[in-house]
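Engineer: As input, take entry_20.tsv (TSV, C-alpha atoms (C1' of nucleotides)):
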```tsv
chain	number	residue	atom	x	y	z
A	781	MET	CA	135.83	286.90	17.36
A	782	SER	CA	136.61	283.23	16.99
A	783	THR	CA	137.85	280.99	19.78
A	784	ASP	CA	138.65	278.10	17.46
A	785	LYS	CA	141.77	276.08	18.11
A	786	LYS	CA	143.75	274.33	15.40
A	787	GLU	CA	142.81	270.68	14.99
A	788	ILE	CA	145.68	268.52	16.20
A	789	ARG	CA	145.80	264.82	15.38
A	790	LEU	CA	148.36	262.98	17.50
A	791	PRO	CA	150.43	260.13	16.04
A	792	HIS	CA	149.79	257.92	19.08
A	793	HIS	CA	146.79	257.41	21.30
A	794	HIS	CA	147.56	256.86	24.97
A	795	SER	CA	144.71	258.38	26.92
A	796	ASP	CA	141.07	259.20	26.24
A	797	ASN	CA	141.01	262.65	27.81
A	798	ILE	CA	143.91	264.03	25.79
A	799	ASP	CA	141.50	265.92	23.54
A	800	ILE	CA	140.01	267.69	26.54
A	801	VAL	CA	143.49	268.63	27.71
A	802	LEU	CA	144.55	269.89	24.29
A	803	ALA	CA	141.37	271.96	24.06
A	804	LYS	CA	142.54	273.86	27.12
A	805	LEU	CA	146.17	274.16	26.03
A	806	PRO	CA	147.18	277.84	26.30
A	807	SER	CA	148.14	279.51	23.03
A	808	GLN	CA	151.75	280.20	22.14
A	809	GLU	CA	151.05	283.91	22.61
A	810	ASP	CA	149.63	283.44	26.10
A	811	CYS	CA	152.59	281.23	27.03
A	812	MET	CA	155.04	283.83	25.82
A	813	GLN	CA	153.26	286.50	27.81
A	814	VAL	CA	153.29	284.47	31.01
A	815	ALA	CA	156.87	283.30	30.44
A	816	GLU	CA	157.89	286.95	30.24
A	817	ILE	CA	156.84	287.38	33.87
A	818	PHE	CA	158.72	284.28	35.00
A	819	LYS	CA	161.75	285.46	33.03
A	820	GLN	CA	162.09	288.24	35.58
A	821	ILE	CA	162.86	285.77	38.36
A	822	SER	CA	164.91	283.41	36.20
A	823	ASP	CA	168.16	285.24	36.92
A	824	GLY	CA	169.72	284.98	40.36
A	825	SER	CA	170.75	288.62	40.61
A	826	ARG	CA	167.36	289.90	39.53
A	827	LEU	CA	165.54	287.48	41.80
A	828	ARG	CA	167.63	288.73	44.72
A	829	ILE	CA	166.86	292.36	43.89
A	830	LEU	CA	163.18	291.55	43.63
A	831	TRP	CA	163.28	289.71	46.94
A	832	LEU	CA	164.65	292.87	48.54
A	833	LEU	CA	161.94	295.02	46.94
A	834	CYS	CA	159.32	292.57	48.20
A	835	HIS	CA	160.39	293.56	51.70
A	836	CYS	CA	161.20	297.27	51.46
A	837	GLU	CA	161.37	300.28	49.20
A	838	GLU	CA	164.94	301.27	48.39
A	839	CYS	CA	167.02	303.56	46.22
A	840	VAL	CA	169.38	302.35	43.50
A	841	SER	CA	172.68	302.96	45.29
A	842	ASN	CA	171.49	301.20	48.44
A	843	ILE	CA	170.33	298.24	46.37
A	844	ALA	CA	173.68	298.15	44.58
A	845	VAL	CA	175.62	298.05	47.84
A	846	ALA	CA	173.31	295.47	49.36
A	847	MET	CA	173.69	293.27	46.27
A	848	GLU	CA	177.41	293.94	45.95
A	849	MET	CA	176.79	294.88	42.34
A	850	SER	CA	177.63	297.92	40.21
A	851	ASP	CA	175.06	300.71	39.85
A	852	PRO	CA	174.64	300.18	36.09
A	853	ALA	CA	174.09	296.46	36.54
A	854	VAL	CA	171.42	297.10	39.16
A	855	SER	CA	169.85	299.83	37.04
A	856	HIS	CA	169.68	297.40	34.14
A	857	HIS	CA	167.77	294.83	36.18
A	858	LEU	CA	165.47	297.47	37.69
A	859	LYS	CA	164.61	298.62	34.20
A	860	LEU	CA	163.61	295.10	33.18
A	861	LEU	CA	161.60	294.57	36.36
A	862	ARG	CA	159.78	297.87	35.89
A	863	LYS	CA	159.13	297.17	32.22
A	864	SER	CA	157.53	293.86	33.21
A	865	GLY	CA	155.24	295.68	35.63
A	866	LEU	CA	156.48	293.87	38.74
A	867	ILE	CA	157.97	296.99	40.33
A	868	VAL	CA	157.32	300.74	40.24
A	869	SER	CA	159.57	303.71	40.88
A	870	ARG	CA	159.32	307.24	42.23
A	871	ARG	CA	161.88	309.98	42.33
A	872	ASP	CA	162.51	311.95	45.52
A	873	GLY	CA	165.26	314.49	45.07
A	874	LYS	CA	168.38	312.95	43.68
A	875	GLU	CA	167.27	309.44	44.43
A	876	VAL	CA	164.93	307.05	42.66
A	877	TYR	CA	163.09	304.62	44.89
A	878	TYR	CA	161.85	301.27	43.69
A	879	ARG	CA	159.21	299.05	45.28
A	880	LEU	CA	157.00	296.09	44.42
A	881	ALA	CA	154.01	296.99	42.26
A	882	ASP	CA	150.54	296.65	43.73
A	883	THR	CA	149.26	294.13	41.19
A	884	ARG	CA	148.04	290.55	41.31
A	885	GLN	CA	151.01	289.42	39.21
A	886	ALA	CA	153.46	291.00	41.64
A	887	GLN	CA	151.66	289.50	44.65
A	888	LEU	CA	151.71	286.07	43.05
A	889	VAL	CA	155.39	286.36	42.17
A	890	HIS	CA	156.14	287.48	45.72
A	891	HIS	CA	154.25	284.51	47.11
A	892	VAL	CA	155.86	281.91	44.86
A	893	CYS	CA	159.34	283.26	45.62
A	894	GLU	CA	158.76	282.98	49.36
A	895	GLU	CA	157.44	279.45	48.97
A	896	MET	CA	160.24	278.35	46.66
A	897	PHE	CA	162.90	279.66	49.04
A	898	ARG	CA	161.14	277.88	51.89
A	899	ILE	CA	161.04	274.61	49.98
A	900	SER	CA	164.40	274.71	48.23
A	901	CYS	CA	166.52	276.52	50.84
A	902	PRO	CA	164.98	275.61	54.21
A	903	LEU	CA	168.20	276.52	56.04
A	904	GLY	CA	168.58	279.93	54.38
B	777	MET	CA	179.37	275.84	60.49
B	778	SER	CA	178.93	279.57	60.49
B	779	THR	CA	175.76	281.38	59.55
B	780	ASP	CA	177.39	284.79	59.50
B	781	LYS	CA	176.38	287.25	56.83
B	782	LYS	CA	178.70	289.89	55.43
B	783	GLU	CA	178.29	293.26	57.12
B	784	ILE	CA	176.73	295.70	54.69
B	785	ARG	CA	176.74	299.43	55.37
B	786	LEU	CA	174.35	301.30	53.10
B	787	PRO	CA	175.23	304.75	51.76
B	788	HIS	CA	171.78	306.11	52.61
B	789	HIS	CA	169.42	305.51	55.50
B	790	HIS	CA	165.74	305.44	54.58
B	791	SER	CA	164.09	302.98	56.92
B	792	ASP	CA	164.83	301.59	60.36
B	793	ASN	CA	164.04	297.98	59.64
B	794	ILE	CA	166.39	297.67	56.68
B	795	ASP	CA	168.93	295.81	58.80
B	796	ILE	CA	166.33	293.20	59.69
B	797	VAL	CA	165.46	292.80	56.02
B	798	LEU	CA	169.10	292.51	54.97
B	799	ALA	CA	169.69	289.92	57.67
B	800	LYS	CA	167.11	287.71	55.94
B	801	LEU	CA	168.34	288.42	52.40
B	802	PRO	CA	168.89	285.07	50.66
B	803	SER	CA	172.45	284.32	49.62
B	804	GLN	CA	173.57	284.61	46.01
B	805	GLU	CA	173.88	280.82	45.92
B	806	ASP	CA	170.32	280.27	47.15
B	807	CYS	CA	169.03	282.82	44.65
B	808	MET	CA	170.83	281.10	41.81
B	809	GLN	CA	169.40	277.76	42.87
B	810	VAL	CA	165.83	279.06	43.03
B	811	ALA	CA	166.24	281.06	39.81
B	812	GLU	CA	167.25	277.82	38.09
B	813	ILE	CA	163.75	276.46	38.77
B	814	PHE	CA	162.05	279.59	37.48
B	815	LYS	CA	164.30	279.50	34.43
B	816	GLN	CA	162.41	276.40	33.35
B	817	ILE	CA	159.19	278.37	32.90
B	818	SER	CA	160.86	281.49	31.52
B	819	ASP	CA	160.65	280.28	27.93
B	820	GLY	CA	157.27	280.18	26.22
B	821	SER	CA	157.82	276.86	24.45
B	822	ARG	CA	159.05	275.13	27.58
B	823	LEU	CA	156.27	276.60	29.70
B	824	ARG	CA	153.73	275.27	27.20
B	825	ILE	CA	155.29	271.80	27.27
B	826	LEU	CA	155.28	271.85	31.06
B	827	TRP	CA	151.65	272.97	31.09
B	828	LEU	CA	150.79	269.89	29.02
B	829	LEU	CA	152.74	267.60	31.34
B	830	CYS	CA	150.92	269.13	34.30
B	831	HIS	CA	147.74	267.70	32.80
B	832	CYS	CA	148.79	264.39	31.30
B	833	GLU	CA	151.63	261.98	30.67
B	834	GLU	CA	152.72	261.95	27.03
B	835	CYS	CA	155.39	260.63	24.70
B	836	VAL	CA	157.84	262.84	22.83
B	837	SER	CA	156.29	262.60	19.37
B	838	ASN	CA	152.82	263.41	20.67
B	839	ILE	CA	154.19	266.41	22.54
B	840	ALA	CA	156.00	267.57	19.42
B	841	VAL	CA	152.85	267.40	17.30
B	842	ALA	CA	150.76	269.09	19.99
B	843	MET	CA	153.31	271.89	20.27
B	844	GLU	CA	153.86	272.10	16.52
B	845	MET	CA	157.57	271.80	17.18
B	846	SER	CA	160.31	269.50	15.90
B	847	ASP	CA	161.18	266.36	17.86
B	848	PRO	CA	164.74	267.52	18.64
B	849	ALA	CA	163.52	270.89	19.90
B	850	VAL	CA	161.02	269.18	22.21
B	851	SER	CA	163.62	266.66	23.32
B	852	HIS	CA	165.95	269.52	24.18
B	853	HIS	CA	163.36	271.17	26.43
B	854	LEU	CA	162.38	267.88	28.03
B	855	LYS	CA	166.01	267.29	28.88
B	856	LEU	CA	166.26	270.65	30.64
B	857	LEU	CA	162.99	270.09	32.50
B	858	ARG	CA	164.07	266.65	33.64
B	859	LYS	CA	167.50	267.91	34.67
B	860	SER	CA	165.79	270.53	36.84
B	861	GLY	CA	163.74	267.81	38.53
B	862	LEU	CA	160.36	269.19	37.47
B	863	ILE	CA	159.51	266.20	35.27
B	864	VAL	CA	160.37	262.51	35.15
B	865	SER	CA	160.43	260.00	32.31
B	866	ARG	CA	159.87	256.31	31.75
B	867	ARG	CA	160.43	254.19	28.69
B	868	ASP	CA	157.73	251.81	27.47
B	869	GLY	CA	158.79	250.03	24.32
B	870	LYS	CA	159.87	252.45	21.66
B	871	GLU	CA	158.39	255.43	23.40
B	872	VAL	CA	159.54	257.58	26.30
B	873	TYR	CA	156.80	259.06	28.43
B	874	TYR	CA	157.22	262.25	30.39
B	875	ARG	CA	155.14	263.51	33.30
B	876	LEU	CA	155.30	266.03	36.11
B	877	ALA	CA	157.52	264.98	39.00
B	878	ASP	CA	155.92	264.27	42.36
B	879	THR	CA	157.84	266.93	44.31
B	880	ARG	CA	156.94	270.07	46.19
B	881	GLN	CA	158.83	272.20	43.67
B	882	ALA	CA	156.84	270.71	40.80
B	883	GLN	CA	153.55	271.16	42.63
B	884	LEU	CA	154.39	274.78	43.40
B	885	VAL	CA	155.40	275.46	39.80
B	886	HIS	CA	152.18	273.82	38.60
B	887	HIS	CA	150.16	276.01	40.95
B	888	VAL	CA	151.85	279.27	40.05
B	889	CYS	CA	151.48	278.56	36.33
B	890	GLU	CA	147.75	277.95	36.69
B	891	GLU	CA	147.34	281.12	38.72
B	892	MET	CA	149.44	283.23	36.37
B	893	PHE	CA	147.47	282.07	33.35
B	894	ARG	CA	144.26	282.81	35.22
B	895	ILE	CA	145.42	286.31	36.11
B	896	SER	CA	147.25	287.27	32.93
B	897	CYS	CA	145.12	285.48	30.32
B	898	PRO	CA	141.59	285.33	31.76
B	899	LEU	CA	140.08	284.78	28.31
B	900	GLY	CA	142.46	281.95	27.34
C	913	DT	C1'	176.35	328.77	37.99
C	914	DG	C1'	179.16	325.01	39.09
C	915	DA	C1'	180.47	321.19	41.89
C	916	DA	C1'	178.88	316.92	43.84
C	917	DC	C1'	175.84	313.26	43.99
C	918	DA	C1'	172.41	309.75	41.94
C	919	DT	C1'	170.90	307.39	38.15
C	920	DT	C1'	170.60	306.08	33.49
C	921	DT	C1'	172.29	305.18	28.90
C	922	DA	C1'	175.65	303.59	25.39
C	923	DA	C1'	178.97	300.54	23.52
C	924	DG	C1'	181.25	296.38	23.74
C	925	DC	C1'	182.12	291.71	25.23
C	926	DA	C1'	181.76	286.95	26.88
C	927	DC	C1'	178.50	283.74	27.47
C	928	DT	C1'	174.13	281.39	27.10
C	929	DT	C1'	170.15	279.69	24.62
C	930	DA	C1'	166.59	278.04	21.24
C	931	DT	C1'	166.30	276.13	17.04
C	932	DT	C1'	167.48	273.53	12.66
C	933	DT	C1'	169.41	269.74	10.02
C	934	DA	C1'	171.80	265.59	10.04
C	935	DA	C1'	173.54	261.71	12.23
C	936	DT	C1'	173.13	258.28	15.96
C	937	DT	C1'	171.19	255.33	19.43
C	938	DG	C1'	167.56	252.41	21.21
C	939	DT	C1'	163.52	249.30	20.56
C	940	DT	C1'	160.25	246.35	18.22
C	941	DT	C1'	158.90	243.19	14.90
C	942	DG	C1'	158.70	241.01	10.32
D	346	DC	C1'	169.28	240.21	10.85
D	347	DA	C1'	167.07	244.11	8.64
D	348	DA	C1'	163.58	247.46	8.30
D	349	DA	C1'	160.74	250.76	10.65
D	350	DC	C1'	159.82	253.65	14.27
D	351	DA	C1'	160.98	256.67	18.48
D	352	DA	C1'	164.08	259.45	20.73
D	353	DT	C1'	168.39	261.60	21.51
D	354	DT	C1'	172.70	263.75	20.34
D	355	DA	C1'	175.88	266.65	17.57
D	356	DA	C1'	177.14	270.56	15.04
D	357	DA	C1'	176.07	274.99	13.52
D	358	DT	C1'	173.84	279.29	13.75
D	359	DA	C1'	171.21	283.31	15.06
D	360	DA	C1'	169.54	285.75	18.79
D	361	DG	C1'	169.45	287.10	23.55
D	362	DT	C1'	171.53	288.17	28.18
D	363	DG	C1'	174.30	290.09	32.04
D	364	DC	C1'	177.98	292.67	33.05
D	365	DT	C1'	181.81	296.21	32.49
D	366	DT	C1'	183.60	300.79	31.54
D	367	DA	C1'	182.74	305.27	30.05
D	368	DA	C1'	179.75	308.91	29.01
D	369	DA	C1'	175.49	311.39	29.68
D	370	DT	C1'	171.41	312.96	32.15
D	371	DG	C1'	169.00	314.61	36.18
D	372	DT	C1'	168.93	316.85	40.79
D	373	DT	C1'	170.47	319.50	44.76
D	374	DC	C1'	172.77	323.02	47.01
D	375	DA	C1'	176.63	326.11	48.21
```
Output the structure of this file as C-alpha cells.
Structural biologist:
Amino acid sequence: MSTDKKEIRLPHHHSDNIDIVLAKLPSQEDCMQVAEIFKQISDGSRLRILWLLCHCEECVSNIAVAMEMSDPAVSHHLKLLRKSGLIVSRRDGKEVYYRLADTRQAQLVHHVCEEMFRISCPLG
Amino acid sequence: MSTDKKEIRLPHHHSDNIDIVLAKLPSQEDCMQVAEIFKQISDGSRLRILWLLCHCEECVSNIAVAMEMSDPAVSHHLKLLRKSGLIVSRRDGKEVYYRLADTRQAQLVHHVCEEMFRISCPLG
DNA sequence: TGAACATTTAAGCACTTATTTAATTGTTTG
DNA sequence: CAAACAATTAAATAAGTGCTTAAATGTTCA
C-alpha cells in the first residue's frame, strides 16, 4: 500500500510551509466522505429533525407533527439520516422509533449543532 | 416582542419530558440559518478548499492548482464561502488572497472538520 | 379476516447546485 | 497604451434535492 501524494507545483510562491500543508491535504475521497456527514445537517428541516432526535427518541408521526411536516417528507429525511449512520431505528408495534446513533460521528455532530445554535442564535 | 411558541399536540405520548424538549426546539428560521453554515462544508470540493484555508492564506490560482480544479470552479466556491462569512479576502496586486475568517463560527467549523477527519479518516 | 393505524415507497415536479467554456473585469508593467 | 496575468462573471448544462400526492407495505386488534 502506497501513501504517495501527487506532486503539486504551485504557480506562485507565497509561504515556505505550503508544502507541509499540502502534504497533509485530505484526499478528494476523504473529503467527499466527510462532506456526506455534514450534508445531513445542511438542510434546515433535516437539522431540526436531528436536533429533536438528539434530545429524545420519537416515532415518525410525532416527529411529523412536531415539525409541521408531512409524514412522507419526514420519512424521507429519516431515511437519509439513518443511511448516513447518524440515527438508528427500532420498531415497536405499529410505530418506528428513531434516535441518535451511539457513534463518535453522531456525538460530534450533536456537539457542533449545540455550539452553532449557541453562537449563531443566542436568543433562540 | 413575544417569545411564544406554537402549541403542538402530539398524536402519541411516549415520554414525559417531550414538552420540555419541544419548548427548546429551535425555530425553522434558526435552523435554516445554522444549516446555511453547514451547507458550506457539505460539498467535498468546498470542504477541501476550506481545509486548505484553515491552514494557510492562498491566492485563487494556487488553490485551483492544489485542488486540481478550474479557476472559475474555485472562484465559485470561494464566493459562497465568503458570502457565508467563513472566509475573507484581500487583494494584493493582481492576486486575491483568501483566508479563514476570525469568527467563532469559522473557528467552530475548523474544529469540527479536524475532528471529523480524525474520526472518519484516521489513516488520512 | 378485515378495518384502522403507522410508515414507507413511487412518481412527478420545482428548484438548487456544481461544473464547463467563453467572455469580462481588474491590475501590473513593458 | 498595450500586452500579460489574475480573478470573476455569464450562460448553459447535467445532476441532485426536497416536497407533494397517491399507492403500497407492515402491524395490531376487534
Engineer: Which residues, written as number ranges by chain, have at least one atom at most 12 Å from A:Met847, with only C-alpha atoms (C1' of nucleotides) counted and residues fewer than 2 positions away on the same chain left out?
Structural biologist: A: 824-833, 840-845, 849-851, 853-855, 857; B: 782-786, 798, 801-804, 807
Engineer: Tell me, as a ChimeraX atom specification, which residues lie within 8 Å of stretch 346-363 of chain D, counting all atoms listed in the file; anything in the same chain fewer than 3 positions away does not count.
Structural biologist: /A:853 /B:836-837,848,851,870-872 /C:928-929,935-938
Engineer: Hey, list the chain C side of the contact with chain B: 8 Å cut-off, only C-alpha atoms (C1' of nucleotides), answer as a ChimeraX atom specification.
Structural biologist: /C:930-931,938-940
Engineer: Can you move chain A onto chain B by a least-squares fit over all C-alpha atoms paired in order, then give me the moved copy as a compact mmCIF listing (two decimals) with C-alpha atoms, in the coordinates of the input?
Structural biologist:
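Output file part-v6.txt follows:
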```
# COMPACT_ATOMS: atom_id res chain seq x y z
CA MET A 781 179.26 275.80 60.53
CA SER A 782 178.86 279.55 60.53
CA THR A 783 175.69 281.39 59.58
CA ASP A 784 177.37 284.79 59.54
CA LYS A 785 176.38 287.25 56.85
CA LYS A 786 178.71 289.89 55.46
CA GLU A 787 178.31 293.27 57.14
CA ILE A 788 176.75 295.70 54.69
CA ARG A 789 176.77 299.43 55.37
CA LEU A 790 174.37 301.30 53.10
CA PRO A 791 175.25 304.76 51.75
CA HIS A 792 171.79 306.12 52.61
CA HIS A 793 169.44 305.53 55.49
CA HIS A 794 165.76 305.48 54.60
CA SER A 795 164.10 303.03 56.94
CA ASP A 796 164.85 301.61 60.38
CA ASN A 797 164.04 297.98 59.63
CA ILE A 798 166.38 297.68 56.66
CA ASP A 799 168.92 295.82 58.79
CA ILE A 800 166.33 293.20 59.68
CA VAL A 801 165.47 292.81 56.01
CA LEU A 802 169.11 292.52 54.96
CA ALA A 803 169.69 289.91 57.66
CA LYS A 804 167.13 287.72 55.93
CA LEU A 805 168.35 288.42 52.39
CA PRO A 806 168.89 285.06 50.65
CA SER A 807 172.46 284.33 49.60
CA GLN A 808 173.57 284.61 45.99
CA GLU A 809 173.88 280.82 45.90
CA ASP A 810 170.34 280.27 47.14
CA CYS A 811 169.03 282.82 44.63
CA MET A 812 170.83 281.10 41.79
CA GLN A 813 169.40 277.76 42.86
CA VAL A 814 165.85 279.07 43.01
CA ALA A 815 166.25 281.06 39.79
CA GLU A 816 167.24 277.82 38.07
CA ILE A 817 163.76 276.46 38.76
CA PHE A 818 162.05 279.59 37.47
CA LYS A 819 164.30 279.50 34.41
CA GLN A 820 162.41 276.40 33.34
CA ILE A 821 159.19 278.36 32.90
CA SER A 822 160.85 281.49 31.52
CA ASP A 823 160.61 280.28 27.92
CA GLY A 824 157.24 280.17 26.21
CA SER A 825 157.79 276.85 24.46
CA ARG A 826 159.03 275.13 27.59
CA LEU A 827 156.26 276.60 29.69
CA ARG A 828 153.72 275.26 27.20
CA ILE A 829 155.28 271.79 27.28
CA LEU A 830 155.27 271.84 31.05
CA TRP A 831 151.65 272.95 31.10
CA LEU A 832 150.79 269.90 29.01
CA LEU A 833 152.74 267.59 31.34
CA CYS A 834 150.92 269.13 34.30
CA HIS A 835 147.74 267.70 32.82
CA CYS A 836 148.78 264.37 31.29
CA GLU A 837 151.63 261.99 30.68
CA GLU A 838 152.72 261.96 27.05
CA CYS A 839 155.38 260.65 24.70
CA VAL A 840 157.84 262.85 22.83
CA SER A 841 156.31 262.60 19.36
CA ASN A 842 152.82 263.40 20.66
CA ILE A 843 154.19 266.40 22.53
CA ALA A 844 156.01 267.56 19.40
CA VAL A 845 152.85 267.41 17.30
CA ALA A 846 150.76 269.08 19.97
CA MET A 847 153.32 271.89 20.26
CA GLU A 848 153.87 272.10 16.51
CA MET A 849 157.58 271.80 17.17
CA SER A 850 160.33 269.50 15.89
CA ASP A 851 161.20 266.36 17.86
CA PRO A 852 164.75 267.54 18.64
CA ALA A 853 163.51 270.89 19.89
CA VAL A 854 161.02 269.18 22.19
CA SER A 855 163.63 266.66 23.32
CA HIS A 856 165.95 269.54 24.18
CA HIS A 857 163.36 271.18 26.42
CA LEU A 858 162.38 267.86 28.03
CA LYS A 859 166.02 267.29 28.88
CA LEU A 860 166.24 270.65 30.64
CA LEU A 861 162.97 270.09 32.49
CA ARG A 862 164.08 266.64 33.64
CA LYS A 863 167.50 267.91 34.66
CA SER A 864 165.80 270.54 36.83
CA GLY A 865 163.76 267.83 38.53
CA LEU A 866 160.37 269.19 37.47
CA ILE A 867 159.51 266.20 35.27
CA VAL A 868 160.38 262.50 35.16
CA SER A 869 160.44 260.00 32.32
CA ARG A 870 159.86 256.30 31.76
CA ARG A 871 160.41 254.20 28.70
CA ASP A 872 157.73 251.81 27.46
CA GLY A 873 158.77 250.05 24.30
CA LYS A 874 159.89 252.47 21.65
CA GLU A 875 158.38 255.44 23.39
CA VAL A 876 159.54 257.58 26.29
CA TYR A 877 156.80 259.07 28.42
CA TYR A 878 157.24 262.25 30.39
CA ARG A 879 155.15 263.50 33.31
CA LEU A 880 155.30 266.03 36.12
CA ALA A 881 157.53 264.97 39.01
CA ASP A 882 155.93 264.27 42.37
CA THR A 883 157.85 266.92 44.30
CA ARG A 884 156.94 270.06 46.21
CA GLN A 885 158.83 272.19 43.68
CA ALA A 886 156.85 270.71 40.80
CA GLN A 887 153.55 271.16 42.65
CA LEU A 888 154.39 274.77 43.40
CA VAL A 889 155.40 275.45 39.81
CA HIS A 890 152.19 273.82 38.61
CA HIS A 891 150.15 275.98 40.96
CA VAL A 892 151.84 279.26 40.06
CA CYS A 893 151.47 278.55 36.34
CA GLU A 894 147.74 277.94 36.70
CA GLU A 895 147.34 281.12 38.73
CA MET A 896 149.44 283.23 36.38
CA PHE A 897 147.46 282.06 33.35
CA ARG A 898 144.25 282.81 35.23
CA ILE A 899 145.42 286.31 36.12
CA SER A 900 147.24 287.27 32.94
CA CYS A 901 145.13 285.47 30.32
CA PRO A 902 141.60 285.33 31.78
CA LEU A 903 140.09 284.77 28.32
CA GLY A 904 142.44 281.93 27.38
```
Engineer: Using all atoms listed in the file, what does the table of chain C residues within 10 Å of stretch 364-374 of chain D look like, with each row giving the shortest atom pair and its distance in Å to one decimal, sorted by chain and ascending number, as a Markdown table?
Structural biologist:
```
| residue | atom | partner | partner_atom | distance |
| --- | --- | --- | --- | --- |
| C:DA915 | C1' | D:DC374 | C1' | 9.4 |
| C:DA916 | C1' | D:DT373 | C1' | 8.8 |
| C:DC917 | C1' | D:DT373 | C1' | 8.3 |
| C:DA918 | C1' | D:DT372 | C1' | 8.0 |
| C:DT919 | C1' | D:DG371 | C1' | 7.7 |
| C:DT920 | C1' | D:DT370 | C1' | 7.1 |
| C:DT921 | C1' | D:DA369 | C1' | 7.0 |
| C:DA922 | C1' | D:DA368 | C1' | 7.6 |
| C:DA923 | C1' | D:DA367 | C1' | 8.9 |
| C:DG924 | C1' | D:DT365 | C1' | 8.8 |
| C:DC925 | C1' | D:DT365 | C1' | 8.5 |
| C:DA926 | C1' | D:DC364 | C1' | 9.2 |
```
